[in-house]
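The file target-v8.pdb comes next; it holds PDB, C-alpha atoms.
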```pdb
ATOM      1  CA  MET G 918     169.644 117.599 -48.330
ATOM      2  CA  ASN G 919     170.157 120.954 -50.082
ATOM      3  CA  PRO G 920     172.320 123.022 -47.669
ATOM      4  CA  TRP G 921     171.626 126.465 -49.162
ATOM      5  CA  PRO G 922     168.172 127.068 -47.577
ATOM      6  CA  PHE G 923     169.831 126.532 -44.160
ATOM      7  CA  VAL G 924     172.727 128.876 -44.980
ATOM      8  CA  ILE G 925     170.377 131.579 -46.327
ATOM      9  CA  ALA G 926     168.021 131.219 -43.332
ATOM     10  CA  ALA G 927     170.907 131.564 -40.827
ATOM     11  CA  TYR G 928     172.293 134.684 -42.565
ATOM     12  CA  THR G 929     168.814 136.236 -42.932
ATOM     13  CA  VAL G 930     167.892 135.717 -39.270
ATOM     14  CA  THR G 931     171.188 137.204 -38.067
ATOM     15  CA  LEU G 932     171.283 140.178 -40.434
ATOM     16  CA  VAL G 933     167.590 141.050 -39.968
ATOM     17  CA  GLY G 934     167.891 140.619 -36.166
ATOM     18  CA  GLY G 935     170.967 142.856 -36.072
ATOM     19  CA  ALA G 936     169.306 145.456 -38.324
ATOM     20  CA  VAL G 937     166.123 145.585 -36.195
ATOM     21  CA  LEU G 938     168.223 145.986 -33.030
ATOM     22  CA  ALA G 939     170.249 148.811 -34.641
ATOM     23  CA  ILE G 940     167.132 150.633 -35.919
ATOM     24  CA  VAL G 941     165.319 150.380 -32.562
ATOM     25  CA  SER G 942     168.440 151.630 -30.710
ATOM     26  CA  TYR G 943     168.947 154.487 -33.193
ATOM     27  CA  LEU G 944     165.324 155.644 -32.969
ATOM     28  CA  ALA G 945     165.425 155.504 -29.141
ATOM     29  CA  MET G 946     168.605 157.607 -29.178
ATOM     30  CA  ARG G 947     167.115 160.174 -31.609
ATOM     31  CA  LYS G 948     163.909 160.443 -29.556
ATOM     32  CA  ALA G 949     165.781 160.853 -26.247
ATOM     33  CA  GLU G 950     168.276 163.407 -27.596
ATOM     34  CA  LYS G 951     165.618 165.537 -29.337
TER      35      LYS G 951
ATOM     36  CA  MET N 885     193.229 154.297 -14.998
ATOM     37  CA  ALA N 886     193.225 158.118 -14.861
ATOM     38  CA  THR N 887     192.036 158.190 -18.508
ATOM     39  CA  LEU N 888     189.255 155.755 -17.650
ATOM     40  CA  HIS N 889     188.148 157.961 -14.772
ATOM     41  CA  ALA N 890     188.148 161.026 -17.066
ATOM     42  CA  PHE N 891     185.719 159.310 -19.477
ATOM     43  CA  ALA N 892     183.443 158.341 -16.574
ATOM     44  CA  ASN N 893     182.284 161.965 -16.677
ATOM     45  CA  PRO N 894     179.075 161.892 -18.806
ATOM     46  CA  ALA N 895     179.853 165.216 -20.563
ATOM     47  CA  ARG N 896     183.341 164.055 -21.585
ATOM     48  CA  PHE N 897     181.970 160.663 -22.554
ATOM     49  CA  LEU N 898     179.315 162.222 -24.823
ATOM     50  CA  LYS N 899     181.941 164.416 -26.494
ATOM     51  CA  VAL N 900     183.720 161.234 -27.603
ATOM     52  CA  ALA N 901     180.628 159.028 -28.083
ATOM     53  CA  ARG N 902     178.791 161.368 -30.487
ATOM     54  CA  PRO N 903     181.356 161.186 -33.331
ATOM     55  CA  LEU N 904     182.389 157.615 -32.462
ATOM     56  CA  THR N 905     178.862 156.096 -32.775
ATOM     57  CA  PRO N 906     178.462 156.403 -36.591
ATOM     58  CA  ILE N 907     182.161 155.618 -37.213
ATOM     59  CA  LEU N 908     181.994 152.318 -35.313
ATOM     60  CA  PHE N 909     178.604 151.363 -36.697
ATOM     61  CA  TRP N 910     179.311 152.031 -40.382
ATOM     62  CA  ALA N 911     182.843 150.558 -40.211
ATOM     63  CA  GLY N 912     181.239 147.423 -38.754
ATOM     64  CA  VAL N 913     178.576 147.314 -41.483
ATOM     65  CA  ALA N 914     181.287 147.635 -44.178
ATOM     66  CA  LEU N 915     183.316 144.788 -42.629
ATOM     67  CA  ILE N 916     180.196 142.582 -42.394
ATOM     68  CA  VAL N 917     179.413 143.211 -46.091
ATOM     69  CA  VAL N 918     182.986 142.201 -47.033
ATOM     70  CA  GLY N 919     182.852 139.216 -44.648
ATOM     71  CA  CYS N 920     179.509 137.979 -46.070
ATOM     72  CA  TRP N 921     180.816 138.278 -49.635
ATOM     73  CA  ALA N 922     184.003 136.387 -48.696
ATOM     74  CA  GLY N 923     182.228 133.772 -46.583
ATOM     75  CA  LEU N 924     179.491 133.044 -49.134
ATOM     76  CA  THR N 925     181.503 133.172 -52.369
ATOM     77  CA  GLN N 926     185.264 133.081 -51.815
ATOM     78  CA  THR N 927     185.844 130.059 -49.564
ATOM     79  CA  PRO N 928     185.617 126.376 -50.500
ATOM     80  CA  PRO N 929     182.957 124.077 -49.020
ATOM     81  CA  ASP N 930     184.102 121.856 -46.148
ATOM     82  CA  TYR N 931     185.012 118.284 -47.136
ATOM     83  CA  LEU N 932     182.576 116.873 -44.551
ATOM     84  CA  GLN N 933     179.902 119.539 -43.942
ATOM     85  CA  GLY N 934     179.823 120.959 -47.473
ATOM     86  CA  GLU N 935     178.252 124.416 -47.896
ATOM     87  CA  THR N 936     176.685 124.511 -44.407
ATOM     88  CA  VAL N 937     180.117 125.377 -42.973
ATOM     89  CA  ARG N 938     179.416 128.962 -44.153
ATOM     90  CA  ILE N 939     177.084 129.379 -41.147
ATOM     91  CA  LEU N 940     180.322 129.493 -39.107
ATOM     92  CA  TYR N 941     180.896 133.136 -40.167
ATOM     93  CA  ILE N 942     177.756 134.376 -38.421
ATOM     94  CA  HIS N 943     177.347 131.760 -35.684
ATOM     95  CA  VAL N 944     180.792 132.358 -34.123
ATOM     96  CA  PRO N 945     180.474 136.207 -34.010
ATOM     97  CA  ALA N 946     176.986 135.845 -32.462
ATOM     98  CA  ALA N 947     178.420 133.518 -29.776
ATOM     99  CA  TRP N 948     181.388 135.873 -29.248
ATOM    100  CA  LEU N 949     179.068 138.853 -28.691
ATOM    101  CA  GLY N 950     176.616 136.911 -26.532
ATOM    102  CA  MET N 951     179.448 135.917 -24.173
ATOM    103  CA  GLY N 952     181.471 139.129 -24.659
ATOM    104  CA  GLY N 953     178.367 141.153 -23.810
ATOM    105  CA  TRP N 954     178.091 139.480 -20.426
ATOM    106  CA  SER N 955     181.828 140.017 -19.830
ATOM    107  CA  GLY N 956     181.141 143.716 -20.485
ATOM    108  CA  ILE N 957     178.248 143.701 -17.994
ATOM    109  CA  ALA N 958     180.443 142.008 -15.344
ATOM    110  CA  ILE N 959     183.377 144.437 -15.867
ATOM    111  CA  SER N 960     181.040 147.473 -15.815
ATOM    112  CA  SER N 961     179.341 146.124 -12.680
ATOM    113  CA  ILE N 962     182.706 145.762 -10.911
ATOM    114  CA  ALA N 963     183.636 149.318 -11.976
ATOM    115  CA  PHE N 964     180.291 150.562 -10.638
ATOM    116  CA  LEU N 965     180.603 148.790  -7.285
ATOM    117  CA  VAL N 966     184.295 149.681  -6.749
ATOM    118  CA  TRP N 967     184.483 153.261  -8.093
ATOM    119  CA  ARG N 968     180.761 154.166  -7.954
ATOM    120  CA  HIS N 969     180.839 155.519 -11.522
ATOM    121  CA  PRO N 970     177.186 155.930 -12.639
ATOM    122  CA  LEU N 971     178.363 155.671 -16.265
ATOM    123  CA  ALA N 972     179.498 152.090 -15.604
ATOM    124  CA  ALA N 973     175.943 151.163 -14.551
ATOM    125  CA  VAL N 974     174.605 152.851 -17.709
ATOM    126  CA  ALA N 975     177.093 150.858 -19.818
ATOM    127  CA  ALA N 976     176.012 147.572 -18.220
ATOM    128  CA  ARG N 977     172.327 148.318 -18.834
ATOM    129  CA  ALA N 978     173.065 149.386 -22.432
ATOM    130  CA  ILE N 979     174.934 146.139 -23.166
ATOM    131  CA  ALA N 980     172.143 143.856 -21.868
ATOM    132  CA  MET N 981     169.684 144.013 -24.786
ATOM    133  CA  PRO N 982     172.257 143.635 -27.639
ATOM    134  CA  GLY N 983     174.001 140.876 -25.657
ATOM    135  CA  ALA N 984     170.714 138.996 -25.220
ATOM    136  CA  VAL N 985     169.852 139.393 -28.917
ATOM    137  CA  PHE N 986     173.218 137.994 -30.055
ATOM    138  CA  ALA N 987     173.111 135.128 -27.528
ATOM    139  CA  ALA N 988     169.650 134.228 -28.916
ATOM    140  CA  LEU N 989     170.950 134.565 -32.506
ATOM    141  CA  CYS N 990     173.790 132.186 -31.595
ATOM    142  CA  LEU N 991     171.209 129.593 -30.505
ATOM    143  CA  VAL N 992     169.018 130.103 -33.596
ATOM    144  CA  THR N 993     171.911 129.926 -36.095
ATOM    145  CA  GLY N 994     173.343 126.936 -34.217
ATOM    146  CA  SER N 995     169.987 125.191 -34.448
ATOM    147  CA  ILE N 996     169.760 125.914 -38.205
ATOM    148  CA  TRP N 997     173.331 124.614 -38.594
ATOM    149  CA  GLY N 998     172.552 121.544 -36.469
ATOM    150  CA  ARG N 999     169.652 120.281 -38.592
ATOM    151  CA  PRO N1000     171.679 119.398 -41.752
ATOM    152  CA  THR N1001     174.892 118.620 -39.807
ATOM    153  CA  TRP N1002     173.684 116.632 -36.771
ATOM    154  CA  GLY N1003     170.207 115.715 -38.043
ATOM    155  CA  THR N1004     168.464 117.591 -35.214
ATOM    156  CA  TRP N1005     167.397 121.176 -34.448
ATOM    157  CA  TRP N1006     168.043 120.848 -30.710
ATOM    158  CA  GLN N1007     169.716 118.598 -28.170
ATOM    159  CA  TRP N1008     170.040 119.115 -24.401
ATOM    160  CA  ASP N1009     173.806 119.183 -24.860
ATOM    161  CA  GLY N1010     176.151 120.981 -22.429
ATOM    162  CA  ARG N1011     177.038 123.857 -24.795
ATOM    163  CA  LEU N1012     173.499 124.427 -26.100
ATOM    164  CA  THR N1013     171.898 124.251 -22.662
ATOM    165  CA  SER N1014     174.462 126.571 -21.010
ATOM    166  CA  MET N1015     174.011 129.106 -23.853
ATOM    167  CA  LEU N1016     170.216 128.935 -23.397
ATOM    168  CA  LEU N1017     170.743 129.624 -19.679
ATOM    169  CA  LEU N1018     172.779 132.717 -20.628
ATOM    170  CA  VAL N1019     169.804 134.071 -22.617
ATOM    171  CA  PHE N1020     167.559 133.621 -19.542
ATOM    172  CA  VAL N1021     170.199 135.239 -17.306
ATOM    173  CA  TYR N1022     170.249 138.238 -19.691
ATOM    174  CA  LEU N1023     166.435 138.491 -19.517
ATOM    175  CA  GLY N1024     166.607 138.341 -15.714
ATOM    176  CA  TYR N1025     169.221 141.116 -15.680
ATOM    177  CA  MET N1026     167.101 143.366 -17.913
ATOM    178  CA  ALA N1027     164.011 142.869 -15.726
ATOM    179  CA  LEU N1028     166.022 143.485 -12.544
ATOM    180  CA  ALA N1029     167.786 146.604 -13.890
ATOM    181  CA  ARG N1030     164.463 148.064 -15.080
ATOM    182  CA  ALA N1031     162.714 147.348 -11.755
ATOM    183  CA  ASP N1032     165.680 148.850  -9.850
ATOM    184  CA  ALA N1033     165.619 152.011 -11.985
ATOM    185  CA  GLU N1034     161.828 152.410 -11.665
ATOM    186  CA  ARG N1035     161.954 152.094  -7.874
ATOM    187  CA  GLY N1036     164.799 154.604  -7.610
ATOM    188  CA  GLY N1037     167.328 151.967  -6.528
ATOM    189  CA  ASP N1038     171.045 152.695  -6.344
ATOM    190  CA  GLY N1039     171.969 150.060  -8.970
ATOM    191  CA  ARG N1040     173.848 147.768  -6.582
ATOM    192  CA  VAL N1041     171.496 144.770  -6.930
ATOM    193  CA  PRO N1042     171.748 144.572 -10.767
ATOM    194  CA  ALA N1043     175.534 145.068 -10.462
ATOM    195  CA  ILE N1044     175.866 142.122  -8.034
ATOM    196  CA  TYR N1045     173.669 140.032 -10.354
ATOM    197  CA  GLY N1046     175.908 141.072 -13.296
ATOM    198  CA  ILE N1047     179.003 139.805 -11.495
ATOM    199  CA  ALA N1048     177.321 136.609 -10.240
ATOM    200  CA  GLY N1049     176.032 135.782 -13.732
ATOM    201  CA  SER N1050     179.588 135.731 -15.100
ATOM    202  CA  VAL N1051     179.992 132.271 -13.510
ATOM    203  CA  LEU N1052     178.196 130.994 -16.633
ATOM    204  CA  LEU N1053     180.988 132.155 -18.976
ATOM    205  CA  PRO N1054     183.620 129.504 -18.055
ATOM    206  CA  ILE N1055     180.829 126.890 -17.927
ATOM    207  CA  ILE N1056     179.867 127.737 -21.538
ATOM    208  CA  ARG N1057     183.531 127.889 -22.625
ATOM    209  CA  TYR N1058     184.495 124.519 -21.112
ATOM    210  CA  SER N1059     181.130 122.742 -21.543
ATOM    211  CA  VAL N1060     182.436 120.977 -24.672
ATOM    212  CA  VAL N1061     185.419 119.686 -22.664
ATOM    213  CA  TRP N1062     183.562 118.711 -19.467
ATOM    214  CA  TRP N1063     180.552 117.067 -21.174
ATOM    215  CA  ASN N1064     181.336 115.118 -24.325
ATOM    216  CA  THR N1065     177.974 115.265 -26.082
ATOM    217  CA  LEU N1066     176.869 116.580 -29.486
ATOM    218  CA  HIS N1067     178.631 119.950 -29.910
ATOM    219  CA  GLN N1068     182.181 119.565 -31.208
ATOM    220  CA  GLY N1069     185.176 120.405 -29.007
ATOM    221  CA  PRO N1070     187.026 123.741 -29.163
ATOM    222  CA  SER N1071     188.202 124.309 -32.745
ATOM    223  CA  ILE N1072     189.371 127.945 -32.549
ATOM    224  CA  GLY N1073     191.961 129.072 -29.974
ATOM    225  CA  LEU N1074     193.862 132.305 -29.482
ATOM    226  CA  THR N1075     196.962 131.040 -31.280
ATOM    227  CA  SER N1076     195.823 128.007 -33.247
ATOM    228  CA  SER N1077     192.821 126.458 -34.987
ATOM    229  CA  THR N1078     191.851 123.042 -36.266
ATOM    230  CA  ILE N1079     189.954 124.719 -39.151
ATOM    231  CA  ASP N1080     191.898 125.076 -42.405
ATOM    232  CA  GLY N1081     193.095 128.613 -43.235
ATOM    233  CA  ALA N1082     191.317 128.501 -46.627
ATOM    234  CA  ILE N1083     187.982 128.357 -44.762
ATOM    235  CA  LEU N1084     188.911 130.369 -41.669
ATOM    236  CA  TRP N1085     190.147 133.689 -43.147
ATOM    237  CA  PRO N1086     186.776 135.559 -43.442
ATOM    238  CA  LEU N1087     186.006 134.840 -39.766
ATOM    239  CA  PRO N1088     188.253 137.607 -38.273
ATOM    240  CA  ILE N1089     186.648 140.106 -40.690
ATOM    241  CA  MET N1090     183.168 139.092 -39.495
ATOM    242  CA  LEU N1091     184.265 139.090 -35.833
ATOM    243  CA  ALA N1092     185.626 142.645 -36.196
ATOM    244  CA  GLY N1093     182.531 143.793 -38.126
ATOM    245  CA  PHE N1094     180.035 142.410 -35.612
ATOM    246  CA  THR N1095     182.086 143.784 -32.688
ATOM    247  CA  PHE N1096     182.127 147.304 -34.197
ATOM    248  CA  VAL N1097     178.368 147.210 -34.893
ATOM    249  CA  PHE N1098     177.759 145.943 -31.331
ATOM    250  CA  ALA N1099     179.893 148.786 -29.904
ATOM    251  CA  GLY N1100     178.002 151.326 -32.048
ATOM    252  CA  ILE N1101     174.644 149.988 -30.805
ATOM    253  CA  VAL N1102     175.827 150.065 -27.162
ATOM    254  CA  LEU N1103     176.895 153.714 -27.595
ATOM    255  CA  MET N1104     173.466 154.560 -29.093
ATOM    256  CA  ARG N1105     171.732 152.958 -26.111
ATOM    257  CA  MET N1106     174.040 154.699 -23.595
ATOM    258  CA  ARG N1107     173.350 158.061 -25.258
ATOM    259  CA  ALA N1108     169.590 157.404 -25.099
ATOM    260  CA  MET N1109     169.793 156.501 -21.394
ATOM    261  CA  LEU N1110     171.912 159.554 -20.539
ATOM    262  CA  ALA N1111     169.572 161.897 -22.446
ATOM    263  CA  THR N1112     166.515 160.373 -20.729
ATOM    264  CA  ALA N1113     168.158 160.697 -17.287
ATOM    265  CA  LYS N1114     169.046 164.333 -18.042
ATOM    266  CA  ALA N1115     165.446 165.108 -19.130
ATOM    267  CA  GLU N1116     164.027 163.421 -16.010
ATOM    268  CA  ALA N1117     166.395 165.378 -13.748
ATOM    269  CA  ARG N1118     165.288 168.620 -15.442
ATOM    270  CA  MET N1119     161.605 167.693 -14.925
ATOM    271  CA  ARG N1120     162.275 166.998 -11.221
ATOM    272  CA  ARG N1121     164.008 170.380 -10.827
ATOM    273  CA  MET N1122     161.071 172.134 -12.542
ATOM    274  CA  ALA N1123     158.562 170.294 -10.318
ATOM    275  CA  ARG N1124     160.425 171.432  -7.191
ATOM    276  CA  ALA N1125     160.655 175.069  -8.341
TER     277      ALA N1125
END
```
Now, as a test, write the supplied structure out as structure tokens.
Amino acid sequence: MNPWPFVIAAYTVTLVGGAVLAIVSYLAMRKAEK
Amino acid sequence: MATLHAFANPARFLKVARPLTPILFWAGVALIVVGCWAGLTQTPPDYLQGETVRILYIHVPAAWLGMGGWSGIAISSIAFLVWRHPLAAVAARAIAMPGAVFAALCLVTGSIWGRPTWGTWWQWDGRLTSMLLLVFVYLGYMALARADAERGGDGRVPAIYGIAGSVLLPIIRYSVVWWNTLHQGPSIGLTSSTIDGAILWPLPIMLAGFTFVFAGIVLMRMRAMLATAKAEARMRRMARA
């Protein structure tokens, strides 16, 4: 079994999930502080 | 303790939080970039697991933040109940969403790691099941805190729930000792590790990076909540006038 698709999928899910959370939190902060 | 009390004042807190938010966030992003480069290109494959061992560098920080997030909620809840600092309740509410996201990411990355390593995506194993329970406990906390805020509650019920939920943390930590099922036993301790140093060294970089990003996100959410509360208080004053 080729391990790289699993490694890439795990990194992608984590980094995209973290990025979405950061963007949503940033936009909420900007909107509230405006 | 006097310093802690000084920062419980929202105005003083914001004075520190405003410059600290981008510093923590971008320092964390930089560390994660370095950690990903090191973890994906600079370490050897494991003799047994091969390349899939690289999932360690994101799975462990996600687990650390999922459990650390609830520790933060429990500590903030105690501070709120004992000293009645409203900022402690804001901190607990701000931690809930990022904590839930990282607890869920821990489960997803663990499942992706489990398929090539164990031959299965999921098993009702002690560690996996207790971590899944933590995600549900987070969701329950978020629903309770929102309902309490909407009904003008004093925040005591979510705080008690935050403290009660911390009973899950030792269960998750010792699940691999108490129930000998699929998940391996503890391999990383405070002073020692069963993982070879040649593989382990990027992990502290990733742990620091994820922790800084998490702290930056929590500060963003606290600032949003404080600004919203301030705007609502102003609207109430205007409505009374």
Counting only C-alpha atoms, closest pick from N:Ala1115, N:Leu915, N:Ile1056, N:Ala1125 relative to Pro1088 of chain N is N:Leu915
If you apply the PyMOL selection byres ((chain G and resi 948) around 12) to this file, what residues do you get, as a ChimeraX atom specification? /G:941-947,949-951 /N:1104-1105,1107-1109,1111-1112,1115
Check: Which of these residues is nearest to Ala1031 of chain N, using only C-alpha atoms: N:Arg977, N:His943, N:His969, N:Arg1120?
Finding: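 For Ala1031 of chain N, the nearest of the given residues is N:Arg977.
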Students should find that atom CA of Ile1089 of chain N and atom CA of Trp921 of chain G are spaced 22.0 Å
>> Expand the ChimeraX specification (/G :<9) & /N into the explicit residue set it covers here, and present it as a ChimeraX atom specification.
In response: /N:909,920,924,934-939,942-943,946,981-982,985-986,989-990,992-994,996-997,999-1000,1097-1098,1100-1102,1104-1112,1115
Thr925 of chain N proximity check over N:Val900, N:Met1122, N:Ile1083, N:Val944, using all atoms listed in the file: winner is N:Ile1083
Can you measure atom CA of Asp1080 of chain N to atom CA of Trp1062 of chain N for me? One decimal in Å is fine.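 We find that atom CA of Asp1080 of chain N and atom CA of Trp1062 of chain N lie 25.2 Å from each other.
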Selected residue of minimal separation from Asp930 of chain N among N:Asn893, N:Ser1059, N:Ser960, N:Thr1001, counting all atoms listed in the file: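 Checking each of N:Asn893, N:Ser1059, N:Ser960, N:Thr1001 against Asp930 of chain N, counting all atoms listed in the file, the winner is N:Thr1001.
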Students should find that atom CA of Val974 of chain N and atom CA of Leu1012 of chain N are spaced 29.7 Å
Top pick for closest residue to Val966 of chain N, considering N:Ile1044, N:Leu904, N:Val917, N:Ala947 and counting all atoms listed in the file =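 Residue with the minimum atom-to-atom distance to Val966 of chain N: N:Ile1044.
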message: Once the PyMOL selection byres ((chain N and resi 953) around 8) is applied to the coordinates I shared, what remains selected? I want it as a list in words.
response: Leu949, Gly950, Met951, Gly952, Trp954, Ser955, Gly956, Ile957, Ile979, Ala980, Pro982 and Gly983 of chain N
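Candidate residues N:Gly1081, N:Thr1075, N:Phe964, N:Tyr1022 were compared for distance to Gly1039 of chain N, and the nearest is N:Phe964, using all atoms listed in the file.
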